[in-house]
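Chemist: My file is final_18.txt. It has compact mmCIF, C-alpha atoms:
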# COMPACT_ATOMS: atom_id res chain seq x y z
CA PRO A 1 -21.03 -24.99 15.76
CA GLY A 2 -19.53 -23.64 18.95
CA LYS A 3 -19.69 -20.03 20.08
CA ASN A 4 -16.27 -19.26 18.61
CA ALA A 5 -17.11 -20.48 15.11
CA ALA A 6 -16.93 -17.67 12.58
CA ALA A 7 -20.15 -16.81 10.81
CA PRO A 8 -19.99 -17.48 7.07
CA ARG A 9 -18.95 -14.34 5.22
CA THR A 10 -21.02 -12.97 2.39
CA ALA A 11 -19.62 -11.47 -0.81
CA SER A 12 -20.83 -8.00 0.23
CA ALA A 13 -19.22 -8.38 3.67
CA ASP A 14 -15.98 -9.44 1.98
CA ARG A 15 -16.11 -6.45 -0.36
CA LEU A 16 -16.76 -4.10 2.56
CA MET A 17 -13.85 -5.59 4.52
CA TYR A 18 -11.58 -5.21 1.47
CA GLU A 19 -12.62 -1.57 1.07
CA LYS A 20 -12.05 -0.87 4.78
CA ILE A 21 -8.57 -2.40 4.60
CA CYS A 22 -7.77 -0.36 1.47
CA GLU A 23 -8.89 2.81 3.25
CA TYR A 24 -6.74 1.89 6.27
CA LEU A 25 -3.74 1.31 4.02
CA GLY A 26 -4.29 4.67 2.34
CA GLN A 27 -4.34 6.38 5.73
CA ASN A 28 -1.11 4.67 6.84
CA LEU A 29 1.24 5.26 3.90
CA SER A 30 3.92 6.64 6.22
CA VAL A 31 4.10 3.36 8.15
CA ASN A 32 5.65 0.02 7.23
CA LEU A 33 2.60 -2.10 7.87
CA THR A 34 2.84 -5.87 7.86
CA VAL A 35 0.13 -8.42 7.13
CA GLU A 36 0.12 -9.10 10.89
CA ASP A 37 -0.59 -5.39 11.61
CA ILE A 38 -3.54 -5.49 9.22
CA CYS A 39 -4.84 -8.73 10.75
CA LYS A 40 -4.69 -7.24 14.27
CA SER A 41 -6.40 -4.00 13.20
CA PHE A 42 -9.30 -5.85 11.59
CA SER A 43 -9.43 -9.04 13.70
CA ILE A 44 -9.03 -11.10 10.54
CA SER A 45 -6.72 -14.00 9.72
CA SER A 46 -3.81 -13.59 7.33
CA SER A 47 -5.32 -16.21 5.05
CA ALA A 48 -8.56 -14.16 4.90
CA VAL A 49 -6.60 -10.98 4.05
CA LYS A 50 -4.68 -12.85 1.36
CA LYS A 51 -7.90 -14.26 -0.11
CA LEU A 52 -9.56 -10.82 -0.18
CA PHE A 53 -6.64 -9.20 -1.98
CA ALA A 54 -6.24 -12.09 -4.40
CA LEU A 55 -9.94 -11.79 -5.22
CA TYR A 56 -10.29 -8.00 -5.47
CA SER A 57 -6.83 -6.73 -6.42
CA GLY A 58 -5.37 -9.79 -8.11
CA GLY A 59 -2.28 -9.75 -5.89
CA GLY A 60 -0.93 -9.53 -2.39
CA VAL A 61 -1.88 -6.95 0.22
CA ILE A 62 1.70 -5.71 0.75
CA LYS A 63 2.29 -5.36 -2.98
CA PHE A 64 -0.98 -3.40 -3.16
CA PHE A 65 0.14 -1.23 -0.21
CA HIS A 66 3.48 -0.47 -1.85
CA ARG A 67 1.73 0.46 -5.10
CA LEU A 68 -0.42 2.93 -3.12
CA LYS A 69 2.81 4.38 -1.74
CA ILE A 70 4.22 4.76 -5.26
CA GLU A 71 1.02 6.47 -6.43
CA ARG A 72 1.40 8.94 -3.54
CA ALA A 73 5.08 9.36 -4.38
CA LYS A 74 4.11 10.32 -7.95
CA GLU A 75 1.77 12.98 -6.54
CA TYR A 76 4.57 14.31 -4.32
CA ILE A 77 6.98 14.41 -7.27
CA ILE A 78 4.45 16.25 -9.45
CA ASP A 79 3.71 18.72 -6.62
CA ASN A 80 7.47 19.34 -6.38
CA VAL A 81 7.37 20.28 -2.68
CA LEU A 82 9.45 17.45 -1.22
CA ASN A 83 12.77 16.09 -2.45
CA PHE A 84 13.21 12.35 -3.06
CA THR A 85 14.72 11.72 0.38
CA GLU A 86 11.79 13.49 2.06
CA ILE A 87 9.31 11.55 -0.09
CA SER A 88 11.04 8.28 0.77
CA GLU A 89 10.87 9.12 4.51
CA ALA A 90 7.26 10.40 4.31
CA LEU A 91 6.20 7.07 2.79
CA GLY A 92 8.06 4.91 5.30
CA PHE A 93 10.70 3.46 2.97
CA SER A 94 13.79 2.24 4.81
CA SER A 95 16.14 4.11 2.47
CA LEU A 96 16.19 6.36 -0.57
CA HIS A 97 17.86 3.51 -2.47
CA TYR A 98 15.02 1.08 -1.69
CA PHE A 99 12.42 3.72 -2.55
CA SER A 100 14.12 4.46 -5.90
CA ARG A 101 14.44 0.78 -6.77
CA TYR A 102 10.83 0.04 -5.92
CA PHE A 103 9.61 3.16 -7.74
CA LYS A 104 11.42 2.02 -10.87
CA LEU A 105 10.09 -1.54 -10.51
CA VAL A 106 6.49 -0.27 -10.38
CA THR A 107 6.64 2.62 -12.86
CA GLY A 108 9.46 1.60 -15.20
CA MET A 109 11.19 4.93 -14.47
CA SER A 110 13.43 6.21 -11.73
CA PRO A 111 11.99 9.04 -9.59
CA THR A 112 14.33 11.43 -11.45
CA GLU A 113 13.09 10.22 -14.85
CA PHE A 114 9.49 10.47 -13.69
CA ALA A 115 10.05 14.04 -12.42
CA ALA A 116 11.59 15.05 -15.76
CA ALA A 117 8.72 13.46 -17.71
CA ALA A 118 6.11 15.12 -15.44
CA LYS A 119 7.36 18.65 -16.16
What's the structure tokens form of this structure?

Modeler:
Amino acid sequence: PGKNAAAPRTASADRLMYEKICEYLGQNLSVNLTVEDICKSFSISSSAVKKLFALYSGGGVIKFFHRLKIERAKEYIIDNVLNFTEISEALGFSSLHYFSRYFKLVTGMSPTEFAAAAK
């Protein structure tokens, strides 16, 4: 193989890469990351990212990222420090409407319903 050929990846290297990407996602919840952003940050192909997330999370990287955002949103709602618009902005959603729709899709409740249930 030529100098540019990628070394075969081991299962432990894959797991470590997956964990590093998850950590990166968790640190960037306020940003609208794309698969391309993740690939650039880790010098990894989009197909490799997709394979890692299919293997370890059972789904796509962006879906995983948005679920992390919703988990953080739940924490914000329970803490009751930010209103829904501020939460939506803090987590990089393009609008309160999109945030509310996605929150309901993931949790089965609107942010308002979740806040009422969390009290």

Chemist: Can you tell me, as a PyMOL selection string, what residues are no more than 8 Å from range 33-46 of chain A when counting all atoms listed in the file, ignoring any on the same chain fewer than 2 positions away?

Modeler: chain A and resi 21+28+31+48-50+61-62

Chemist: Which is closer to Tyr102 in chain A than all the others in A:Ile78, A:Ala90, A:Ala73, A:Ala117, using all atoms listed in the file?

Modeler: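 Ranked by minimum distance to Tyr102 in chain A, first place goes to A:Ala73.
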
Chemist: For Thr85 in chain A, which residue out of A:Ser47, A:Thr112, A:Thr107, A:Ser57 is the nearest one, using only C-alpha atoms?

Modeler: A:Thr112

Chemist: Calculate how many Å separate CA of Gly92 in chain A from CA of Leu29 in chain A, rounding to one decimal.

Modeler: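 Going from CA of Gly92 in chain A over to CA of Leu29 in chain A, I get 7.0 Å.
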
Chemist: Could you name the residues that touch Ser100 in chain A at 7 Å or less, counting all atoms listed in the file, but leaving out those on the same chain fewer than 3 positions away, as a list of chain:residue names?

Modeler: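 My reading of the contact set: A:Leu96, A:His97, A:Phe103, A:Lys104, A:Ser110, A:Pro111.
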
Chemist: Can you work out the spacing between CA of Leu105 in chain A and CA of Ser88 in chain A in Å, to one decimal?

Modeler: 15.0 Å

Chemist: At what distance in Å, to one decimal, does CA of Asp79 in chain A lie from CA of Tyr98 in chain A?

Modeler: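 Computing the Euclidean distance for CA of Tyr98 in chain A and CA of Asp79 in chain A yields 21.5 Å.
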
Chemist: Nearest residue to Gln27 in chain A out of A:Gly108, A:Phe114, A:Phe65, A:Thr10, using all atoms listed in the file?

Modeler: A:Phe65
